[in-house]
file protein_2.tsv (TSV, C-alpha atoms)
chain	number	residue	atom	x	y	z
A	1	MET	CA	11.66	-18.34	57.51
A	2	THR	CA	14.67	-17.21	55.52
A	3	THR	CA	15.23	-13.62	54.41
A	4	ALA	CA	15.13	-14.77	50.77
A	5	ALA	CA	11.53	-15.93	51.29
A	6	LEU	CA	10.38	-12.57	52.75
A	7	PRO	CA	9.89	-10.77	49.38
A	8	SER	CA	7.84	-13.76	48.19
A	9	VAL	CA	5.66	-13.54	51.31
A	10	ALA	CA	5.16	-9.79	50.80
A	11	LEU	CA	4.20	-10.35	47.16
A	12	LEU	CA	1.89	-13.21	48.13
A	13	ILE	CA	0.17	-11.07	50.80
A	14	TRP	CA	-0.26	-8.18	48.37
A	15	GLY	CA	-1.43	-10.44	45.53
A	16	CYS	CA	-4.02	-12.22	47.67
A	17	THR	CA	-5.71	-8.98	48.73
A	18	ILE	CA	-6.76	-7.81	45.25
A	19	VAL	CA	-10.26	-8.74	43.99
A	20	VAL	CA	-11.77	-7.70	40.67
A	21	CYS	CA	-15.33	-6.33	40.95
A	22	THR	CA	-17.72	-4.67	38.55
A	23	VAL	CA	-18.69	-1.12	39.43
A	24	ASP	CA	-20.81	1.01	37.08
A	25	GLU	CA	-20.47	-1.65	34.39
A	26	ASN	CA	-16.71	-1.02	34.16
A	27	VAL	CA	-14.23	-3.57	35.40
A	28	ARG	CA	-12.05	-2.10	38.14
A	29	ALA	CA	-9.58	-3.58	40.55
A	30	TYR	CA	-11.03	-3.08	43.99
A	31	PRO	CA	-9.19	-4.02	47.15
A	32	SER	CA	-10.95	-6.12	49.73
A	33	THR	CA	-10.13	-6.77	53.34
A	34	THR	CA	-8.19	-9.97	53.76
A	35	VAL	CA	-9.77	-12.53	56.07
A	36	GLY	CA	-7.40	-13.60	58.82
A	37	TYR	CA	-5.36	-10.39	58.91
A	38	ASN	CA	-2.07	-10.88	60.69
A	39	PRO	CA	-0.22	-7.68	61.75
A	40	THR	CA	3.05	-9.62	62.15
A	41	GLU	CA	2.99	-10.54	58.45
A	42	MET	CA	2.39	-6.87	57.56
A	43	THR	CA	5.32	-5.81	59.73
A	44	ILE	CA	7.59	-8.34	57.98
A	45	ALA	CA	6.30	-7.31	54.56
A	46	ASN	CA	6.75	-3.58	55.26
A	47	ALA	CA	10.22	-4.09	56.71
A	48	THR	CA	11.10	-5.93	53.50
A	49	LEU	CA	9.77	-3.07	51.39
A	50	GLY	CA	11.68	-0.52	53.49
A	51	GLU	CA	8.58	1.33	54.74
A	52	PRO	CA	8.35	2.48	58.36
A	53	THR	CA	5.82	0.51	60.37
A	54	PRO	CA	3.40	2.27	62.72
A	55	PRO	CA	3.14	0.93	66.28
A	56	PHE	CA	-0.50	-0.10	65.74
A	57	ALA	CA	-2.23	-2.61	63.48
A	58	CYS	CA	-2.84	-1.37	59.96
A	59	GLY	CA	-5.12	-2.84	57.31
A	60	ASN	CA	-3.65	-4.47	54.23
A	61	ASN	CA	-6.47	-4.11	51.73
A	62	SER	CA	-4.67	-1.49	49.62
A	63	ASP	CA	-1.14	-0.61	48.65
A	64	ARG	CA	-1.80	2.86	50.13
A	65	CYS	CA	-2.69	1.56	53.61
A	66	MET	CA	0.77	2.11	55.06
A	67	HIS	CA	0.76	5.72	53.84
A	68	PHE	CA	-2.57	6.36	55.61
A	69	CYS	CA	-1.44	4.59	58.79
A	70	ASN	CA	1.91	6.40	58.83
A	71	ALA	CA	0.14	9.75	58.42
A	72	CYS	CA	-2.12	8.91	61.38
A	73	ASN	CA	0.91	7.84	63.39
A	74	ASP	CA	2.88	11.01	62.56
A	75	TYR	CA	0.09	13.50	63.28
A	76	PHE	CA	-2.27	11.76	65.72
A	77	SER	CA	-0.18	8.86	67.18
A	78	ALA	CA	-3.05	6.46	66.39
A	79	PRO	CA	-5.72	5.72	63.78
A	80	THR	CA	-8.30	7.98	65.47
A	81	MET	CA	-11.59	9.28	64.12
A	82	GLU	CA	-9.93	12.70	63.90
A	83	CYS	CA	-7.27	11.24	61.61
A	84	LEU	CA	-9.95	9.54	59.54
A	85	SER	CA	-11.81	12.86	59.33
A	86	GLN	CA	-8.72	14.68	58.06
A	87	LEU	CA	-7.87	11.98	55.51
A	88	LEU	CA	-11.46	11.86	54.23
A	89	HIS	CA	-11.56	15.64	53.94
A	90	HIS	CA	-8.24	16.01	52.12
A	91	LEU	CA	-8.28	12.88	49.96
A	92	CYS	CA	-11.94	12.09	49.24
A	93	LEU	CA	-14.24	15.03	49.85
A	94	SER	CA	-12.05	17.75	48.35
A	95	ASN	CA	-11.58	15.70	45.15
A	96	TYR	CA	-15.31	15.02	44.96
A	97	GLU	CA	-16.18	18.68	45.47
A	98	ASN	CA	-13.67	19.77	42.80
A	99	ASP	CA	-15.14	17.25	40.36
A	100	MET	CA	-18.70	18.40	41.12
A	101	VAL	CA	-17.80	22.08	40.75
A	102	SER	CA	-16.27	21.31	37.35
A	103	LEU	CA	-19.71	20.09	36.22
A	104	ASN	CA	-22.51	22.45	35.33
A	105	SER	CA	-24.86	22.73	38.34
A	106	THR	CA	-27.81	21.70	36.14
A	107	ASP	CA	-26.05	18.36	35.57
A	108	TRP	CA	-25.86	17.57	39.30
A	109	CYS	CA	-29.40	16.19	39.32
A	110	LYS	CA	-28.77	13.74	36.46
A	111	TRP	CA	-27.63	10.47	38.00
A	112	GLY	CA	-25.72	9.43	34.88
A	113	ASN	CA	-23.46	12.49	35.23
A	114	VAL	CA	-22.61	12.04	38.91
A	115	SER	CA	-22.80	8.28	39.52
A	116	GLY	CA	-19.12	7.70	38.68
A	117	LEU	CA	-18.01	10.53	40.97
A	118	TYR	CA	-20.31	9.26	43.72
A	119	SER	CA	-18.91	5.72	43.38
A	120	LYS	CA	-15.35	7.04	43.49
A	121	LEU	CA	-16.15	8.97	46.69
A	122	SER	CA	-17.71	5.89	48.27
A	123	LEU	CA	-14.73	3.69	47.37
A	124	CYS	CA	-12.30	6.30	48.71
A	125	THR	CA	-14.05	6.51	52.09
A	126	GLU	CA	-14.21	2.72	52.32
A	127	GLU	CA	-10.55	2.24	51.42
A	128	ILE	CA	-9.29	4.69	54.07
A	129	SER	CA	-11.62	3.31	56.75
A	130	ASP	CA	-10.55	-0.27	56.00
A	131	CYS	CA	-6.87	0.70	56.07
A	132	LEU	CA	-7.27	2.28	59.51
A	133	LEU	CA	-9.31	-0.76	60.63
A	134	ILE	CA	-12.28	1.50	61.42
A	135	PRO	CA	-15.63	-0.09	60.50
A	136	TRP	CA	-17.29	1.23	57.34
A	137	PRO	CA	-19.82	2.79	57.16
A	138	ASN	CA	-19.35	4.77	60.33
A	139	PRO	CA	-20.98	7.95	61.70
A	140	LEU	CA	-18.23	10.14	60.24
A	141	VAL	CA	-18.70	8.76	56.73
A	142	GLU	CA	-22.48	8.96	57.05
A	143	ARG	CA	-22.24	12.63	58.11
A	144	ALA	CA	-19.94	13.33	55.13
A	145	PHE	CA	-22.52	11.86	52.74
A	146	VAL	CA	-25.35	13.83	54.37
A	147	ASP	CA	-23.27	17.01	53.92
A	148	ILE	CA	-22.63	16.12	50.27
A	149	HIS	CA	-26.35	15.58	49.66
A	150	THR	CA	-27.21	18.85	51.39
A	151	LYS	CA	-24.63	20.80	49.40
A	152	PHE	CA	-25.12	19.35	45.92
A	153	PHE	CA	-28.47	17.52	45.71
A	154	GLN	CA	-30.83	19.53	47.92
A	155	ASP	CA	-32.43	21.39	44.99
A	156	CYS	CA	-32.88	18.29	42.82
A	157	PRO	CA	-36.53	17.50	42.04
A	158	THR	CA	-37.86	14.34	43.63
A	159	GLU	CA	-41.15	13.74	41.83
A	160	GLU	CA	-41.17	10.06	42.66
A	161	LEU	CA	-41.10	10.86	46.38
A	162	SER	CA	-43.42	13.89	46.41
A	163	ASP	CA	-46.98	13.87	47.80
A	164	PRO	CA	-49.88	13.42	45.36
A	165	PRO	CA	-52.10	16.44	44.63
A	166	PRO	CA	-54.54	17.43	47.43
A	167	GLU	CA	-57.59	16.30	45.42
A	168	ILE	CA	-56.30	12.73	45.21
A	169	VAL	CA	-55.36	12.69	48.92
A	170	PHE	CA	-58.87	13.97	49.80
A	171	ALA	CA	-60.55	11.28	47.64
A	172	LEU	CA	-58.42	8.52	49.16
A	173	VAL	CA	-59.21	9.68	52.70
A	174	ILE	CA	-62.91	10.45	52.30
A	175	THR	CA	-63.88	7.24	50.46
A	176	PRO	CA	-63.34	4.85	53.41
A	177	ILE	CA	-64.90	7.36	55.79
A	178	CYS	CA	-68.09	7.46	53.69
A	179	LEU	CA	-68.19	3.68	53.30
A	180	ILE	CA	-68.17	3.03	57.08
A	181	PRO	CA	-71.77	4.30	57.75
A	182	ILE	CA	-73.05	2.43	54.69
A	183	MET	CA	-71.45	-0.82	55.91
A	184	VAL	CA	-72.84	-0.30	59.44
A	185	GLY	CA	-76.29	0.35	57.99
A	186	LEU	CA	-76.17	-2.86	55.94
A	187	VAL	CA	-75.16	-4.89	59.00
A	188	VAL	CA	-78.02	-3.40	61.08
A	189	LEU	CA	-80.53	-3.98	58.26
A	190	LYS	CA	-79.47	-7.62	57.86
A	191	THR	CA	-79.71	-8.27	61.61
A	192	LYS	CA	-83.17	-6.64	61.90
A	193	ASN	CA	-84.56	-8.86	59.15
A	194	GLY	CA	-83.27	-11.92	60.99
A	195	ASP	CA	-81.11	-13.00	58.09
A	196	GLY	CA	-77.84	-13.62	59.91
A	197	SER	CA	-76.73	-16.45	57.64
A	198	SER	CA	-74.94	-14.30	55.07
call {"tool": "encode", "arguments": {"input": "protein_2.tsv", "output": "structure tokens"}}
result
Amino acid sequence: MTTAALPSVALLIWGCTIVVCTVDENVRAYPSTTVGYNPTEMTIANATLGEPTPPFACGNNSDRCMHFCNACNDYFSAPTMECLSQLLHHLCLSNYENDMVSLNSTDWCKWGNVSGLYSKLSLCTEEISDCLLIPWPNPLVERAFVDIHTKFFQDCPTEELSDPPPEIVFALVITPICLIPIMVGLVVLKTKNGDGSS
């Protein structure tokens, strides 16, 4: 391959990794993981673009992947879960928390007010995980979402998931219990009369 063809290859690799998806009824460009990832092609493409290349494989689903991988290389020498944790905290969670704090706390329980922020957080965690070639979702991301729910959504009413009133529960439990002796009595009565045909 000639050096003149390298920029074309880099552009082709970058261009083939972008997919347009619909999220929250708005059209957004969302990167997807390229099938058949080849780290050699990424090394050639990054060398062409003048970016340093980490000594480990790095995803190519986003134009920010090399920044994430280089940060992991500089501070952790590998794309470890600790590096993922730091990137998620500084790039995704802190932005999400700032956005949520800017809202009135009474608006936190209205899905229409937080769905865009929640989607942005989800996409951020997925992008960083994919760039570091760490499966998504993973326990670290799941724990981050549990923490978010505990911090911001714990006091939200959940009528659709709450228990019915005690009177209704009592009626639903006692009705079958009362019907059992009646059914047994009918069976015994039918068998005593010798009418076993019905």
call {"tool": "residues_near_point", "arguments": {"input": "protein_2.tsv", "point": "(-4.6, 1.8, 49.6)", "cutoff": "7 Å", "atoms": "only C-alpha atoms", "output": "VMD selection string"}}
result
chain A and resid 61 to 65 127 131
call {"tool": "closest_residue", "arguments": {"input": "protein_2.tsv", "among": "A:Val184, A:Ala144, A:Cys156, A:Leu133", "to": "Trp111 in chain A", "atoms": "all atoms listed in the file"}}
result
A:Cys156
call {"tool": "atom_distance", "arguments": {"input": "protein_2.tsv", "atom1": "CA of Asn60 in chain A", "atom2": "CA of Leu132 in chain A"}}
result
9.3 Å
call {"tool": "closest_residue", "arguments": {"input": "protein_2.tsv", "among": "A:Pro139, A:Gly59, A:Pro54, A:Pro166", "to": "Ala78 in chain A", "atoms": "all atoms listed in the file"}}
result
A:Pro54
call {"tool": "atom_distance", "arguments": {"input": "protein_2.tsv", "atom1": "CA of Ser94 in chain A", "atom2": "CA of Phe152 in chain A"}}
result
13.4 Å
call {"tool": "closest_residue", "arguments": {"input": "protein_2.tsv", "among": "A:Thr191, A:Thr175, A:Thr125, A:Thr106", "to": "Pro157 in chain A", "atoms": "all atoms listed in the file"}}
result
A:Thr106
call {"tool": "residues_around", "arguments": {"input": "protein_2.tsv", "residues": "Asn138 in chain A", "least_positions_apart": "2", "cutoff": "10 Å", "atoms": "all atoms listed in the file", "output": "list in words"}}
result
Met81, Thr125, Glu126, Ser129, Ile134, Pro135, Trp136, Leu140, Val141, Glu142 and Arg143 of chain A
call {"tool": "decode", "arguments": {"input": "protein_2.tsv", "residues": "range 56-123 of chain A", "atoms": "C-alpha atoms", "output": "compact mmCIF listing (two decimals), in the first residue's frame"}}
result
# COMPACT_ATOMS: atom_id res chain seq x y z
CA PHE A 56 -2.82 -2.15 23.14
CA ALA A 57 -5.82 -2.56 20.87
CA CYS A 58 -8.21 0.37 20.90
CA GLY A 59 -11.76 0.52 19.57
CA ASN A 60 -12.56 2.60 16.53
CA ASN A 61 -16.24 3.35 17.02
CA SER A 62 -15.71 7.04 17.80
CA ASP A 63 -13.32 9.80 16.83
CA ARG A 64 -12.57 10.20 20.57
CA CYS A 65 -11.43 6.58 21.06
CA MET A 66 -7.73 7.36 20.71
CA HIS A 67 -8.01 10.10 23.35
CA PHE A 68 -9.59 7.63 25.80
CA CYS A 69 -7.04 4.91 25.00
CA ASN A 70 -4.11 7.31 25.27
CA ALA A 71 -5.36 8.54 28.65
CA CYS A 72 -5.57 4.92 29.87
CA ASN A 73 -2.08 4.27 28.52
CA ASP A 74 -0.61 7.39 30.15
CA TYR A 75 -2.13 6.88 33.60
CA PHE A 76 -2.82 3.14 33.90
CA SER A 77 -0.65 1.53 31.16
CA ALA A 78 -3.70 -0.41 29.94
CA PRO A 79 -7.46 -0.09 29.40
CA THR A 80 -8.28 -1.33 32.92
CA MET A 81 -11.56 -1.16 34.81
CA GLU A 82 -9.93 1.50 37.01
CA CYS A 83 -9.30 3.63 33.92
CA LEU A 84 -12.87 3.06 32.77
CA SER A 85 -14.08 4.08 36.23
CA GLN A 86 -12.12 7.33 36.13
CA LEU A 87 -13.24 8.19 32.59
CA LEU A 88 -16.89 7.45 33.42
CA HIS A 89 -16.68 9.55 36.56
CA HIS A 90 -15.02 12.57 34.95
CA LEU A 91 -16.68 12.53 31.52
CA CYS A 92 -20.14 11.00 32.01
CA LEU A 93 -21.29 11.02 35.61
CA SER A 94 -20.07 14.50 36.54
CA ASN A 95 -21.79 16.00 33.47
CA TYR A 96 -24.99 14.11 34.27
CA GLU A 97 -24.95 15.22 37.90
CA ASN A 98 -24.36 18.86 36.90
CA ASP A 99 -27.25 18.69 34.45
CA MET A 100 -29.54 17.12 37.07
CA VAL A 101 -28.60 19.68 39.72
CA SER A 102 -29.43 22.47 37.26
CA LEU A 103 -33.01 21.11 37.14
CA ASN A 104 -35.49 21.70 39.91
CA SER A 105 -35.60 18.59 42.13
CA THR A 106 -39.38 18.34 41.60
CA ASP A 107 -38.69 17.84 37.88
CA TRP A 108 -36.47 14.80 38.47
CA CYS A 109 -39.47 12.47 38.68
CA LYS A 110 -40.92 13.60 35.32
CA TRP A 111 -39.50 11.31 32.65
CA GLY A 112 -39.90 13.92 29.92
CA ASN A 113 -37.51 16.25 31.77
CA VAL A 114 -34.74 13.71 32.38
CA SER A 115 -34.99 11.26 29.47
CA GLY A 116 -32.59 13.23 27.26
CA LEU A 117 -30.02 13.51 30.06
CA TYR A 118 -30.43 9.81 30.85
CA SER A 119 -29.93 8.87 27.18
CA LYS A 120 -26.84 11.08 26.97
CA LEU A 121 -25.39 9.37 30.06
CA SER A 122 -26.10 5.93 28.62
CA LEU A 123 -24.49 6.80 25.27
